[in-house]
Each structure stands twice: as structure tokens, then as C-alpha cells.
Amino acid sequence: MDAELATLSRRVGDALSARGWLLATAESCTGGWIAEVVTATAGSSAWFDRGFVTYSNASKIDMLGVAGATLAAHGAVSIETVLEMASGTLARSHADVAVAVSGVAGPSGGSAEKPVGMVCLAWARRDQPAQATVCRFDGDREAVRRQTVLRALAEVIALAT
């Protein structure tokens, strides 16, 4: 893991540990990379509960309780879906904070409405409404996924501080 990701993960751990909180992740386009980054950090078992890799729509429904109607109306890459992913992650874990991501990492799969590099991210805390955003990242598949991990973790720090 590169130094930037390692440093960010330690900062996530420090922020969560200071509050006694646990983190859980729900990942689609990153395929577990967020969970890999945090579990590569020594001591993360004190602040990381679990990760869900929900790449298919069926897994989003089965594992996180995302409504089939949400996926049918908005698609997997949507604010609506990641908000439900984040809420489902909290409901199915012991975590206090959840992050959820779904996007089009490329190099194919994009459309005019949802181009390659479009990623939807959501963060939820048990004590406040979930929040979400849409990002448009540049670069190849690896770059889009890495930027998603960076943004996801940076926002976890913001929620915990």
C-alpha cells in the first residue's frame, strides 16, 4: 500500500478510536479496496467491524437490503442506491459509521448519463442522516478506484471529527 493511503487509514483509525466508533464498508466499484486499506493498518480490529463487497445488484439486495425498485428506477450507480447501501450496512453490522461506494471505473461500461469515472459515495452515522455525493474522477480504472478510496476515507474522518 502506498504511503498516502496508509497515512489516511491511520488518521481514520485515530478519529474513530477517539470516539470509540466502528467502521463498516459497502463496496461495489472498489471491490473491497477500502476494507483492504483499513485492515492493512495495524490495530484496525479495534475500529473496523466488517466490509461488504456487493458488486452485483443481487448482492446489494441480498446483503444490504437495497430495494429492487431503487435499482430498477435509478441503477446501481446512483445517490439513491448508495444511500440505501450505507443504511443497510449500519443495519447489518455493529458499526457506528458506514461508507458505501458504487461507480463506473471503466474502461468500459460508461454512458452519456453515467460516464466512466462517475462514482456515487455515501456516508452514514447512527445518530444523523446519511449524506451522499457524486464524484467524477479522471484516469484509468486503477486511478478511479484509488481516488474513490481516498475520498471515502477522507469523509469518514470528517464524520468522526
# chains A, B, ... in the order shown; residues from 1 in each chain; ligands from 1

$ select_by_dssp --residues "region 84-133 of chain A" --states "alpha helix (DSSP H)" --output "ChimeraX atom specification"
/A:84-91

$ write_last_selection --atoms "N, CA and C atoms" --output "compact mmCIF listing (two decimals), in the first residue's frame"
# COMPACT_ATOMS: atom_id res chain seq x y z
N GLU A 84 -29.00 3.78 0.30
CA GLU A 84 -29.57 2.53 0.82
C GLU A 84 -28.47 1.54 1.20
N MET A 85 -27.38 1.52 0.45
CA MET A 85 -26.24 0.66 0.80
C MET A 85 -25.67 1.05 2.16
N ALA A 86 -25.49 2.36 2.39
CA ALA A 86 -24.94 2.83 3.65
C ALA A 86 -25.87 2.50 4.82
N SER A 87 -27.15 2.74 4.63
CA SER A 87 -28.12 2.43 5.69
C SER A 87 -28.17 0.93 5.96
N GLY A 88 -28.14 0.15 4.90
CA GLY A 88 -28.14 -1.31 5.06
C GLY A 88 -26.89 -1.82 5.75
N THR A 89 -25.78 -1.16 5.52
CA THR A 89 -24.53 -1.54 6.18
C THR A 89 -24.64 -1.32 7.68
N LEU A 90 -25.18 -0.18 8.08
CA LEU A 90 -25.36 0.06 9.51
C LEU A 90 -26.33 -0.95 10.12
N ALA A 91 -27.40 -1.26 9.40
CA ALA A 91 -28.40 -2.19 9.91
C ALA A 91 -27.87 -3.62 10.06

$ residues_around --residues "region 31-48 of chain A" --least-positions-apart "6" --cutoff "6 Å" --atoms "only C-alpha atoms" --output "number ranges by chain"
A: 9, 22-23, 149

$ write_last_selection --atoms "C-alpha atoms" --output "PDB file, in the first residue's frame"
ATOM      1  CA  SER A   9      -6.046   4.899   7.106  1.00  0.00           C
ATOM      2  CA  LEU A  22     -16.517   1.171  14.499  1.00  0.00           C
ATOM      3  CA  LEU A  23     -16.481   1.446  10.701  1.00  0.00           C
ATOM      4  CA  VAL A 149     -10.881   5.038  -1.710  1.00  0.00           C
TER       5      VAL A 149
END

$ atom_distance --atom1 "CA of Ala130 (chain A)" --atom2 "CA of Ala152 (chain A)"
13.5 Å

$ select_by_dssp --residues "chain A" --states "strand (DSSP E)" --output "ChimeraX atom specification"
/A:23-27,48-53,97-103,118-125,128-136

$ write_last_selection --atoms "C-alpha atoms" --output "PDB file, in the first residue's frame"
ATOM      1  CA  LEU A  23     -16.481   1.446  10.701  1.00  0.00           C
ATOM      2  CA  ALA A  24     -18.125  -0.815   8.127  1.00  0.00           C
ATOM      3  CA  THR A  25     -17.898  -0.578   4.344  1.00  0.00           C
ATOM      4  CA  ALA A  26     -20.150  -1.434   1.407  1.00  0.00           C
ATOM      5  CA  GLU A  27     -18.206  -1.511  -1.825  1.00  0.00           C
ATOM      6  CA  PHE A  48     -13.127  -1.776  11.787  1.00  0.00           C
ATOM      7  CA  ASP A  49     -16.146  -4.073  12.016  1.00  0.00           C
ATOM      8  CA  ARG A  50     -16.692  -5.512   8.549  1.00  0.00           C
ATOM      9  CA  GLY A  51     -16.862  -4.946   4.827  1.00  0.00           C
ATOM     10  CA  PHE A  52     -19.434  -5.946   2.246  1.00  0.00           C
ATOM     11  CA  VAL A  53     -18.368  -6.348  -1.372  1.00  0.00           C
ATOM     12  CA  VAL A  97     -20.124   4.748  10.724  1.00  0.00           C
ATOM     13  CA  ALA A  98     -20.640   3.277   7.263  1.00  0.00           C
ATOM     14  CA  VAL A  99     -19.315   4.222   3.864  1.00  0.00           C
ATOM     15  CA  ALA A 100     -20.791   2.944   0.595  1.00  0.00           C
ATOM     16  CA  VAL A 101     -19.495   3.317  -2.960  1.00  0.00           C
ATOM     17  CA  SER A 102     -20.752   2.402  -6.414  1.00  0.00           C
ATOM     18  CA  GLY A 103     -19.434   3.692  -9.707  1.00  0.00           C
ATOM     19  CA  MET A 118     -18.612   8.675 -12.161  1.00  0.00           C
ATOM     20  CA  VAL A 119     -18.750   7.370  -8.597  1.00  0.00           C
ATOM     21  CA  CYS A 120     -21.509   7.767  -6.021  1.00  0.00           C
ATOM     22  CA  LEU A 121     -20.434   7.724  -2.380  1.00  0.00           C
ATOM     23  CA  ALA A 122     -22.486   7.776   0.829  1.00  0.00           C
ATOM     24  CA  TRP A 123     -21.603   8.010   4.492  1.00  0.00           C
ATOM     25  CA  ALA A 124     -23.902   7.257   7.389  1.00  0.00           C
ATOM     26  CA  ARG A 125     -23.702   7.606  11.131  1.00  0.00           C
ATOM     27  CA  GLN A 128     -27.625  11.517  11.936  1.00  0.00           C
ATOM     28  CA  PRO A 129     -28.989  11.345   8.389  1.00  0.00           C
ATOM     29  CA  ALA A 130     -26.817   9.766   5.708  1.00  0.00           C
ATOM     30  CA  GLN A 131     -25.127  12.024   3.193  1.00  0.00           C
ATOM     31  CA  ALA A 132     -24.045  11.307  -0.350  1.00  0.00           C
ATOM     32  CA  THR A 133     -22.259  12.861  -3.276  1.00  0.00           C
ATOM     33  CA  VAL A 134     -21.391  12.171  -6.886  1.00  0.00           C
ATOM     34  CA  CYS A 135     -17.764  12.469  -7.962  1.00  0.00           C
ATOM     35  CA  ARG A 136     -16.249  12.430 -11.407  1.00  0.00           C
TER      36      ARG A 136
END

$ decode --residues "region 33-74 of chain A" --atoms "N, CA and C atoms" --output "compact mmCIF listing (two decimals), in the first residue's frame"
# COMPACT_ATOMS: atom_id res chain seq x y z
N TRP A 33 -11.40 -2.62 -1.78
CA TRP A 33 -10.15 -1.89 -1.60
C TRP A 33 -10.17 -1.02 -0.34
N ILE A 34 -11.32 -0.42 -0.03
CA ILE A 34 -11.39 0.40 1.19
C ILE A 34 -11.13 -0.50 2.40
N ALA A 35 -11.79 -1.64 2.45
CA ALA A 35 -11.58 -2.57 3.57
C ALA A 35 -10.14 -3.07 3.61
N GLU A 36 -9.54 -3.30 2.46
CA GLU A 36 -8.15 -3.75 2.41
C GLU A 36 -7.22 -2.70 2.99
N VAL A 37 -7.46 -1.44 2.64
CA VAL A 37 -6.61 -0.36 3.15
C VAL A 37 -6.71 -0.28 4.67
N VAL A 38 -7.92 -0.33 5.20
CA VAL A 38 -8.03 -0.17 6.66
C VAL A 38 -7.53 -1.41 7.40
N THR A 39 -7.73 -2.59 6.84
CA THR A 39 -7.25 -3.80 7.55
C THR A 39 -5.75 -3.99 7.41
N ALA A 40 -5.11 -3.27 6.50
CA ALA A 40 -3.65 -3.30 6.41
C ALA A 40 -3.02 -2.45 7.51
N THR A 41 -3.84 -1.69 8.20
CA THR A 41 -3.36 -0.82 9.28
C THR A 41 -3.35 -1.61 10.58
N ALA A 42 -2.19 -1.70 11.20
CA ALA A 42 -2.06 -2.41 12.47
C ALA A 42 -3.02 -1.81 13.49
N GLY A 43 -3.73 -2.67 14.19
CA GLY A 43 -4.67 -2.23 15.22
C GLY A 43 -6.06 -1.93 14.71
N SER A 44 -6.30 -2.11 13.41
CA SER A 44 -7.61 -1.75 12.86
C SER A 44 -8.75 -2.62 13.40
N SER A 45 -8.43 -3.76 13.99
CA SER A 45 -9.51 -4.57 14.56
C SER A 45 -10.22 -3.84 15.70
N ALA A 46 -9.60 -2.82 16.25
CA ALA A 46 -10.23 -2.04 17.31
C ALA A 46 -11.27 -1.06 16.76
N TRP A 47 -11.23 -0.77 15.44
CA TRP A 47 -12.15 0.23 14.89
C TRP A 47 -12.79 -0.14 13.55
N PHE A 48 -12.49 -1.33 13.03
CA PHE A 48 -13.13 -1.78 11.79
C PHE A 48 -13.95 -3.03 12.06
N ASP A 49 -15.24 -2.96 11.74
CA ASP A 49 -16.15 -4.07 12.02
C ASP A 49 -16.20 -5.07 10.87
N ARG A 50 -16.53 -4.60 9.69
CA ARG A 50 -16.69 -5.51 8.55
C ARG A 50 -16.83 -4.74 7.25
N GLY A 51 -16.68 -5.51 6.15
CA GLY A 51 -16.86 -4.95 4.83
C GLY A 51 -17.73 -5.85 3.99
N PHE A 52 -18.58 -5.24 3.20
CA PHE A 52 -19.43 -5.95 2.25
C PHE A 52 -18.95 -5.59 0.84
N VAL A 53 -18.65 -6.59 0.04
CA VAL A 53 -18.37 -6.35 -1.37
C VAL A 53 -19.62 -6.79 -2.12
N THR A 54 -20.34 -5.79 -2.61
CA THR A 54 -21.64 -6.04 -3.25
C THR A 54 -21.56 -5.53 -4.69
N TYR A 55 -20.94 -6.33 -5.52
CA TYR A 55 -20.67 -5.93 -6.89
C TYR A 55 -21.93 -6.05 -7.77
N SER A 56 -22.67 -7.12 -7.59
CA SER A 56 -23.88 -7.32 -8.40
C SER A 56 -25.09 -6.66 -7.74
N ASN A 57 -26.10 -6.40 -8.54
CA ASN A 57 -27.34 -5.87 -7.98
C ASN A 57 -27.96 -6.85 -6.99
N ALA A 58 -27.90 -8.14 -7.32
CA ALA A 58 -28.47 -9.15 -6.41
C ALA A 58 -27.79 -9.11 -5.05
N SER A 59 -26.48 -8.90 -5.02
CA SER A 59 -25.79 -8.84 -3.73
C SER A 59 -26.17 -7.58 -2.96
N LYS A 60 -26.42 -6.49 -3.65
CA LYS A 60 -26.85 -5.27 -2.98
C LYS A 60 -28.21 -5.51 -2.30
N ILE A 61 -29.08 -6.22 -2.98
CA ILE A 61 -30.39 -6.55 -2.42
C ILE A 61 -30.25 -7.55 -1.28
N ASP A 62 -29.56 -8.66 -1.53
CA ASP A 62 -29.46 -9.75 -0.55
C ASP A 62 -28.68 -9.36 0.70
N MET A 63 -27.55 -8.71 0.53
CA MET A 63 -26.66 -8.45 1.66
C MET A 63 -26.95 -7.14 2.38
N LEU A 64 -27.47 -6.14 1.65
CA LEU A 64 -27.63 -4.82 2.24
C LEU A 64 -29.07 -4.34 2.30
N GLY A 65 -29.98 -5.06 1.69
CA GLY A 65 -31.38 -4.66 1.72
C GLY A 65 -31.74 -3.52 0.79
N VAL A 66 -30.88 -3.28 -0.22
CA VAL A 66 -31.24 -2.26 -1.22
C VAL A 66 -32.50 -2.72 -1.93
N ALA A 67 -33.44 -1.83 -2.10
CA ALA A 67 -34.71 -2.18 -2.74
C ALA A 67 -34.51 -2.42 -4.23
N GLY A 68 -35.10 -3.50 -4.71
CA GLY A 68 -35.07 -3.77 -6.15
C GLY A 68 -35.65 -2.62 -6.94
N ALA A 69 -36.66 -1.98 -6.38
CA ALA A 69 -37.28 -0.84 -7.06
C ALA A 69 -36.31 0.33 -7.20
N THR A 70 -35.45 0.51 -6.21
CA THR A 70 -34.44 1.58 -6.28
C THR A 70 -33.48 1.30 -7.42
N LEU A 71 -33.00 0.06 -7.49
CA LEU A 71 -32.07 -0.31 -8.55
C LEU A 71 -32.73 -0.20 -9.92
N ALA A 72 -33.99 -0.60 -10.01
CA ALA A 72 -34.70 -0.54 -11.30
C ALA A 72 -34.90 0.91 -11.74
N ALA A 73 -35.21 1.78 -10.79
CA ALA A 73 -35.51 3.17 -11.13
C ALA A 73 -34.27 4.02 -11.34
N HIS A 74 -33.21 3.75 -10.56
CA HIS A 74 -32.05 4.64 -10.56
C HIS A 74 -30.75 3.99 -10.99
